[in-house]
Structure formats: structure tokens, C-alpha cells
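Chemist: Below are the C-alpha cells for one structure; questions will follow.
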Amino acid sequence: MAGRHLARVSPGSFTIVGAGPVGALMALLLAGRGQRVRLLERRADPRDPRSDTPLARAISGRSINLALAARGIAALEQAGLMSRVAAHLVPMAGRLLHDGRGDLTFLRYGQRPQEVIYSISRELLNRLLIQAAAEHEAIDLQFCQRCVDVDVAAGVLQLRDEEQGSRRAESFQVLLGADGVGSAVREALVRRGLTRAHHELLAHDYKELMIPARRAAGALEAAHAPRAAYVFEPHALHIWPQGGHMLIALPNTDGSFTATLFLAREGEPSFGSLRDARAVRAFFQQRFADAAAVIPDLEAQFAAHPQGRLGTLHCERWHFEGRVALLGDAAHAIVPFHGQGLNCGFEDCRLLDALLASEPTAARTFEQFERQRRPDTAAIAAMALENYIEMRDGVRGAQFASRQALAAELERRFPGRFIPRYSMVMFHPEIPYAQAQRRGALQERVLDALGARHGFGPLPLESDPEVLRLLDEHGL
Ligand SMILES: Cc1cc2nc3c(=O)[nH]c(=O)nc-3n(C[C@H](O)[C@H](O)[C@H](O)COP(=O)(O)OP(=O)(O)OC[C@H]3O[C@@H](n4cnc5c(N)ncnc54)[C@H](O)[C@@H]3O)c2cc1C
């Protein structure tokens with residue numbers, strides 16, 4: 001893709017606000033097409049190695065481990081970045097359900113060896129992308145630069161230097177807002193009546209807790225910790241489903257796990273009801289005893305770590321003429337229960353990059369981007385909300401595993417015609433989210449019909465014609 005010019009967008013015309021994972025990846029894709037890009041980030045440079053030690057992450061309580069899946073990987077591959085990222089990934093082959101007292105049930109995600117998802121620290125991934133951006137001569141990367149306002153019509157950006165406390169105005173030709181769920185670029189559009197936005201908050205918050213490795217595992221990033229360093233199975237996403245709430249844990253390369261408690265803000269039980277250290281210990285002991293046993297400083301972590309909000313961002317319009325466009329969480333933040341927020345933001349970058357190369361103007365590019373992307377982002381937002389119920393409650397039901405097994409059998413016997421919805425979302429980037437949602441709903445009806453007739457056990461071989469008829473009937 002190098003050297004291919006973007007039609008009617010003159011080189012040097014892009015400014016990106018936010019060097020989070022989405023902003024940094026977008027800058028690299030544009031630079032790969034011969035564009036010069038100014039990338040502005042409000043935080044200090046995160047490449048200081050001390051900023052991503054498990055200890056630093058534990059102290060800040062912002063470790064956020066991501067599940068990276070096929071959509072995110074496709075975008076990283078397009079930018080030629082997978083070789084930098086691969087060594088820091090821990091594959092997770094399925095969900096490992098904990099009943100809290102030590103009984104475990106493993107539910108595989110896919111059925112092919114490559115159908116796994118990967119755990120990686122968001123901070124580390126961001127740092128790798130920032131390093132790649134810093135090495136690219138076409139990217140002018142500036143830290144401690146907070147965007148405070150955007151005059152879209154005049155093409156002027158107001159920036160505050162977070163170190164000096166000074167303010168300055170800078171002009172821009174095309175501005176991409178990749179500044180996350182609290183986007184200042186989006187807020188500027190809202191203030192000027194160019195769009196409307198509403199953040200629909202979930203009634204449940206989250207809190208992260210570090211589960212330490214069994215023993216000091218040496219330098220993070222040097223290599224994966226030996227298996228023995230992990231207190232739980234390393235190649236799984238651990239879930240303690242409790243109906244109304246849940247704890248999850250994702251592995252880190254250093255032998256530790258990042259656990260996240262998702263719980264109601266108010267009511268019983270809730271973050272509000274866990275008022276002191278005794279209540280916290282008792283709550284964990286009762287519901288997540290095997291996790292509580294491996295977090296010796298549970299009470300201290302619980303008190304020190306922030307309680308984060310979650311929600312779905314609805315933004316009426318993502319672009320204004322050919323001058324400003326929003327992408328990633330700034331345009332469509334979602335709840336994290338399908339592990340797709342970042343994967344979706346990376347997919348935005350791929351599409352925007354392709355459209356910038358094929359459409360005649362930036363204005364047309366942004367129109368096409370929003371037109372094509374909106375049904376998909378709406379679909380993943382809805383599926384992510386549904387997945388919260390499935391993760392914290394549905395997986396415990398007697399029928400869940402057998403229904404999943406029947407779906408896997410149909411996928412094996414009718415390849416291409418039946419693909420479980422989770423697999424479409426996580427392992428099939430060629431299937432847009434909206435199509436996965438639509439096909440998923442039709443497939444549920446096929447499962448219902450087969451389950452009603454044969455139960456959810458193995459399907460008799462002679463049922464092939466019946467299955468084919470059902471698939472035909474549902475247009476699958
Ligand atoms: C608990 C939790 C778990 C998650 N798990 C997953 C998962 O498993 N898989 C997955 O795909 N996604 C997951 N996500 C979602 C994922 O973290 C986000 O979708 C992703 O970080 C969005 O990337 P972004 O670059 O758009 O925004 P951000 O990561 O928010 O980055 C925005 C950047 O812009 C900068 N910025 C903000 N304001 C300004 C300003 N005014 N001026 C200049 N710079 C600014 C910020 O400092 C930041 O660097 C999870 C989220 C949470 C909260």
C-alpha cells in the first residue's frame with residue numbers, strides 16, 4: 001500500500017486527536033499510504049517501561065486486558081504490526097467456568113485450532129503502536145497536548161499543553177477524533193449543534209483486581225512465564241458467573257491474571273453495599289472463594305482501585321463535511337462483554353483507510369464510512385449487551401453447553417451454512433457484525449426447532465435432510 005496517494009486529500013493534511021490504540025493504528029495506516037499525519041495525545045509518553053509493570057498497573061487499577069480477536073488482528077496485519085504484537089499475546093481457547101468452590105467447566109470457543117482469542121494488556125498494545133508511530137518519519141507524534149475545542153467551520157483546533165499549562169490554536173485540514181468515549185472532538189461537534197450524543201450508562205460498574213503469579217516471573221515481556229507460574233489455567237478466559245454479577249480473569253504474559261468484577265452500582269449486592277474490608281472479603285469468600293484465596297491483598301486492592309463506568313454511546317452523526325470524522329470509542333463506545341470494542345475500532349481503521357484510497361473526496365469517504373459502518377456498530381453494541389446476560393447467567397444454565405455442542409455439530413456437518421454467532425463475531429472478520437446478528441437470530445430458530453424434535457444431544461445422522469430443509473427455510 002506504500003506510496004499510494006489518497007485522492008484529493010493532499011499529503012500532510014491529517015490531524016488525529018488521541019493516540020490510543022485506534023488513533024495510533026489509523027496514523028500508521030495513513031502513513032503507510034504516504035500521508036503525513038499529526039498525532040496529538042493528551043497523556044505523557046507511555047513508553048517509559050515503568051508505566052506497564054504489573055505493579056504500576058495494579059496501583060493505577062487501569063490494567064484493562066483486552067481479548068484481541070480476528071477483526072483486530074486483520075487490522076494489525078494490514079498495518080504490518082502483528083510481528084511486534086504476537087510475542088505479547090496469551091491465547092485463550094475457551095471459557096473456564098468456576099463455581100467458586102473449585103469445580104470447573106471448560107467451554108471451548110471454536111472448533112479449529114486457530115479459533116482462539118488472545119489476551120493482551122491495553123496499555124502494552126497501545127505502547128507498541130505508539131513506538132511504531134514514533135519510528136515512522138511521516139508521523140508527528142506530540143504528547144501532553146489536550147484538545148479542548150474544535151472550530152469545525154474555521155478548521156481550527158484549540159490545544160492545551162498539559163505540562164506547561166499554555167493554550168494554543170492550530171489549523172487543520174482534516175481532523176479525525178480518536179479520543180475515546182469522552183471525546184473532546186465529539187463534544188465540540190455537539191456544542192456547535194453538528195451532532196447529538198447520548199451515553200447510555202449500564203447500572204453495573206467494574207473494578208479490576210490483580211491476581212499475582214505464583215512466583216516472581218522475571219521481566220514482563222521478555223518471554224511468557226512458565227505454566228507453573230499461573231495460579232489458574234493460562235489458556236482460558238475465566239468466568240465466575242453469579243447470575244446478577246460476575247468476576248472474570250484474563251491471563252498476562254508474566255503469570256499474573258487481571259480480574260474484573262462486574263457488579264450493580266446500587267442494591268444488594270452491589271458496589272454500594274460493599275462498604276468495608278470485611279464485607280468485601282465475605283462477598284468474595286461466598287461467591288468466588290478460589291479467586292479470593294489467590295488475592296492476598298484483596299481488601300487493599302478493592303479500596304485502592306477505581307470503580308469504572310460502562311455504557312453504550314449513541315452519536316447521531318460521526319462526521320461533518322469533509323473536515324472532521326469520529327472513529328473508535330469516540331463514535332460508538334460499547335460495553336465490553338463481547339470483547340469487541342477495540343476490535344471494532346480497529347475494523348473502523350481498516351474501512352476508513354480503504355475508503356480514503358477509493359473515494360474521490362474526504363467528504364464522500366466520511367459519508368460512505370458512516371453509511372457502511374453504522375449498522376455494524378449498532379449490531380455489535382446490541383450483541384455486547386446480550387453477552388453480559390449470557391456470561392453472568394446464561395452459561396450456567398443446563399441447556400447452554402448442550403445447545404452450544406449442537407451448534408458446533410451443525411457447523412461441522414454443514415460448513416459455511418451454520419456458523420455459531422460467537423464464532424462469526426470473533427473468528428470471521430469477513431462477516432459484518434450486522435450479518436452475524438441477523439444470521440445468529442435465524443440460527444437460533446433452527447436450533448429451537450431441532451432441539452424441540454431431537455433434544456439437544458447429538459443429532460441423528462439421518463436428520464440431514466431435515467436440517468437442510470430448515471436451513472433453506474431460514475435462508476441460511
Ligand atoms: C473493562 C473493559 C474491558 C474491555 N475489554 C475489551 C476486550 O476484551 N476487547 C476489546 O476489543 N475491547 C475491550 N474493551 C474496549 C476497549 O478498551 C476500547 O474499545 C478501546 O480502548 C477504544 O480505543 P480508542 O483508541 O478508540 O479509545 P481509547 O482507548 O479511550 O483511547 C483514546 C485516546 O485519546 C486520548 N485522549 C482523550 N481525550 C483527549 C483529548 N481531549 N485530547 C487529546 N487526546 C485525548 C486518551 O488519552 C487516549 O490515549 C474493554 C473496555 C473496558 C472498559
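Chains: A, B, ... in order of the C-alpha cells. Residues: from 1 per chain. Ligands: from 1, in order shown.
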Name the residues in contact with Val174 in chain A at a cut-off of 7 Å, using only C-alpha atoms, excluding same-chain residues fewer than 4 positions from it; report them as JSON, numbers by chain.

Modeler: {"A": [13, 14, 15, 322, 323, 324]}

Chemist: What do you get as number ranges by chain if you pick all residues at most 6 Å from ligand 1, counting only C-alpha atoms and all ligand atoms?

Modeler: A: 17-23, 40-43, 64, 66-68, 145-148, 178-181, 183-184, 328-330, 336, 339-343, 345

Chemist: Would you write out those residues with N, CA and C atoms, as a short mmCIF file (atom, residue, chain, number, x, y, z; two decimals), in the first residue's frame?

Modeler:
```cif
data_model
loop_
_atom_site.label_atom_id
_atom_site.label_comp_id
_atom_site.auth_asym_id
_atom_site.auth_seq_id
_atom_site.Cartn_x
_atom_site.Cartn_y
_atom_site.Cartn_z
N VAL A 17 -6.68 13.35 16.77
CA VAL A 17 -6.69 13.63 18.21
C VAL A 17 -6.87 12.31 18.94
N GLY A 18 -5.90 11.96 19.80
CA GLY A 18 -5.96 10.72 20.56
C GLY A 18 -5.02 9.68 19.99
N ALA A 19 -3.94 9.38 20.73
CA ALA A 19 -3.02 8.31 20.31
C ALA A 19 -3.28 7.06 21.14
N GLY A 20 -4.57 6.77 21.37
CA GLY A 20 -4.94 5.47 21.94
C GLY A 20 -4.71 4.44 20.85
N PRO A 21 -5.14 3.19 21.08
CA PRO A 21 -4.89 2.16 20.07
C PRO A 21 -5.48 2.52 18.70
N VAL A 22 -6.68 3.09 18.68
CA VAL A 22 -7.33 3.37 17.39
C VAL A 22 -6.63 4.53 16.68
N GLY A 23 -6.36 5.61 17.40
CA GLY A 23 -5.70 6.77 16.77
C GLY A 23 -4.31 6.40 16.26
N LEU A 40 -1.97 13.79 18.06
CA LEU A 40 -1.93 14.57 19.31
C LEU A 40 -2.52 13.77 20.45
N GLU A 41 -1.78 13.67 21.55
CA GLU A 41 -2.22 12.86 22.68
C GLU A 41 -2.13 13.69 23.97
N ARG A 42 -3.18 13.60 24.78
CA ARG A 42 -3.20 14.42 26.00
C ARG A 42 -2.27 13.86 27.10
N ARG A 43 -2.06 12.54 27.09
CA ARG A 43 -1.23 11.95 28.14
C ARG A 43 0.25 12.16 27.85
N ILE A 64 -6.72 -3.00 32.36
CA ILE A 64 -7.58 -3.49 31.27
C ILE A 64 -6.91 -4.46 30.31
N LEU A 66 -7.35 -6.86 27.20
CA LEU A 66 -8.27 -6.98 26.07
C LEU A 66 -8.26 -8.39 25.54
N ALA A 67 -9.42 -8.80 25.00
CA ALA A 67 -9.44 -10.00 24.18
C ALA A 67 -9.29 -9.51 22.75
N LEU A 68 -8.17 -9.82 22.15
CA LEU A 68 -7.94 -9.44 20.75
C LEU A 68 -8.41 -10.61 19.89
N GLN A 145 -0.71 17.02 24.81
CA GLN A 145 -1.47 18.00 24.03
C GLN A 145 -2.94 17.63 24.11
N ARG A 146 -3.67 18.35 24.95
CA ARG A 146 -5.09 18.04 25.11
C ARG A 146 -5.92 18.94 24.19
N CYS A 147 -6.75 18.29 23.38
CA CYS A 147 -7.68 19.07 22.56
C CYS A 147 -8.78 19.58 23.49
N VAL A 148 -9.04 20.89 23.46
CA VAL A 148 -10.10 21.41 24.32
C VAL A 148 -11.28 21.95 23.51
N ALA A 178 -10.15 10.46 17.52
CA ALA A 178 -10.00 9.08 18.05
C ALA A 178 -9.72 9.19 19.53
N ASP A 179 -10.43 10.12 20.19
CA ASP A 179 -10.11 10.44 21.58
C ASP A 179 -11.06 9.78 22.59
N GLY A 180 -11.55 8.60 22.23
CA GLY A 180 -12.21 7.75 23.22
C GLY A 180 -13.62 8.19 23.60
N VAL A 181 -14.15 7.47 24.59
CA VAL A 181 -15.57 7.64 24.93
C VAL A 181 -15.89 9.07 25.39
N SER A 183 -14.70 11.78 24.21
CA SER A 183 -14.15 12.60 23.12
C SER A 183 -14.44 14.11 23.19
N ALA A 184 -13.34 14.89 23.20
CA ALA A 184 -13.47 16.35 23.16
C ALA A 184 -13.87 16.81 21.76
N GLY A 328 -13.67 4.80 16.34
CA GLY A 328 -13.40 4.08 17.59
C GLY A 328 -14.42 4.46 18.65
N ASP A 329 -13.98 4.40 19.92
CA ASP A 329 -14.90 4.68 21.03
C ASP A 329 -15.49 6.08 20.95
N ALA A 330 -14.79 7.03 20.35
CA ALA A 330 -15.32 8.40 20.25
C ALA A 330 -16.64 8.40 19.49
N PRO A 336 -18.18 -3.95 27.38
CA PRO A 336 -17.07 -4.83 26.97
C PRO A 336 -17.38 -6.32 26.92
N GLY A 339 -16.04 -8.48 24.17
CA GLY A 339 -14.61 -8.32 23.89
C GLY A 339 -14.39 -7.76 22.49
N GLN A 340 -15.17 -6.76 22.10
CA GLN A 340 -15.09 -6.29 20.72
C GLN A 340 -14.87 -4.78 20.56
N GLY A 341 -14.88 -4.01 21.66
CA GLY A 341 -14.76 -2.55 21.50
C GLY A 341 -13.55 -2.16 20.68
N LEU A 342 -12.41 -2.68 21.05
CA LEU A 342 -11.18 -2.33 20.35
C LEU A 342 -11.12 -3.01 18.98
N ASN A 343 -11.55 -4.26 18.93
CA ASN A 343 -11.57 -4.96 17.64
C ASN A 343 -12.41 -4.18 16.63
N GLY A 345 -13.05 -0.90 16.79
CA GLY A 345 -12.34 0.34 16.47
C GLY A 345 -11.25 0.09 15.44
#
```

Chemist: Determine, for each residue of range 134-229 of chain A having at least one atom at most 10 Å from an atom of range 279-295 of chain A, the closest pair of atoms and their separation in Å to one decimal, counting only C-alpha atoms; order by chain and ascending number, as a tab-separated table.

Modeler:
```
residue	atom	partner	partner_atom	distance
A:Leu209	CA	A:Ile295	CA	8.2
A:Met210	CA	A:Ile295	CA	7.3
A:Ile211	CA	A:Ile295	CA	5.5
A:Pro212	CA	A:Ile295	CA	7.1
A:Ala213	CA	A:Val294	CA	9.2
A:Arg214	CA	A:Val294	CA	8.9
```

Chemist: Among the residues of range 206-436 of chain A, find those DSSP assigns to helix (DSSP H, G or I) from the backbone and print them as an MDAnalysis selection string.

Modeler: chainID A and resid 227:229 277:287 289:292 298:304 329:332 336:338 341:358 362:392 394:396 398:413 421:427 433:436

Chemist: Just want the 9 Å neighbourhood of range 192-204 of chain A, counted on only C-alpha atoms, with same-chain residues fewer than 3 positions away dropped. Output as a list in words.

Modeler: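 Within the cut-off, the hits are Asp151, Val152, Val181, Arg186, Glu187, Ala188, Leu189, His245, Phe262, Leu263, Ala264, Arg265, Glu266, Ser270, Phe271, Arg309, Leu310, Gly311, Thr312, Leu313, His314, Cys315, Glu316, Arg317, Trp318, His319, Phe320, Ala333 and Val335 of chain A.
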
Chemist: Kindly save the residues from that selection, with C-alpha atoms included, as a PDB file, in the first residue's frame.

Modeler:
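Writing done, so here's out-v4.pdb:
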```
ATOM      1  CA  ASP A 151     -13.932  25.174  15.422  1.00  0.00           C
ATOM      2  CA  VAL A 152     -15.017  22.977  12.560  1.00  0.00           C
ATOM      3  CA  VAL A 181     -15.574   7.644  24.929  1.00  0.00           C
ATOM      4  CA  ARG A 186     -17.302  14.927  19.612  1.00  0.00           C
ATOM      5  CA  GLU A 187     -18.240  17.337  22.384  1.00  0.00           C
ATOM      6  CA  ALA A 188     -17.151  20.273  20.193  1.00  0.00           C
ATOM      7  CA  LEU A 189     -19.429  18.995  17.400  1.00  0.00           C
ATOM      8  CA  HIS A 245     -22.968 -10.236  38.570  1.00  0.00           C
ATOM      9  CA  PHE A 262     -18.833  -6.535  37.178  1.00  0.00           C
ATOM     10  CA  LEU A 263     -21.481  -5.644  39.744  1.00  0.00           C
ATOM     11  CA  ALA A 264     -24.508  -3.357  40.183  1.00  0.00           C
ATOM     12  CA  ARG A 265     -23.799   0.152  41.455  1.00  0.00           C
ATOM     13  CA  GLU A 266     -26.643   0.036  43.949  1.00  0.00           C
ATOM     14  CA  SER A 270     -23.656  -4.003  44.830  1.00  0.00           C
ATOM     15  CA  PHE A 271     -20.574  -1.832  44.967  1.00  0.00           C
ATOM     16  CA  ARG A 309     -18.471   3.085  34.471  1.00  0.00           C
ATOM     17  CA  LEU A 310     -19.684   1.199  31.405  1.00  0.00           C
ATOM     18  CA  GLY A 311     -22.135   2.173  28.740  1.00  0.00           C
ATOM     19  CA  THR A 312     -23.177   2.430  25.111  1.00  0.00           C
ATOM     20  CA  LEU A 313     -22.522   5.670  23.278  1.00  0.00           C
ATOM     21  CA  HIS A 314     -25.151   6.746  20.763  1.00  0.00           C
ATOM     22  CA  CYS A 315     -23.872   9.504  18.490  1.00  0.00           C
ATOM     23  CA  GLU A 316     -26.226  10.803  15.832  1.00  0.00           C
ATOM     24  CA  ARG A 317     -23.656  11.806  13.221  1.00  0.00           C
ATOM     25  CA  TRP A 318     -19.967  10.966  13.062  1.00  0.00           C
ATOM     26  CA  HIS A 319     -18.703  13.467  10.529  1.00  0.00           C
ATOM     27  CA  PHE A 320     -19.015  16.986   9.319  1.00  0.00           C
ATOM     28  CA  ALA A 333     -18.239   3.038  22.585  1.00  0.00           C
ATOM     29  CA  VAL A 335     -19.995  -2.361  26.833  1.00  0.00           C
TER      30      VAL A 335
END
```
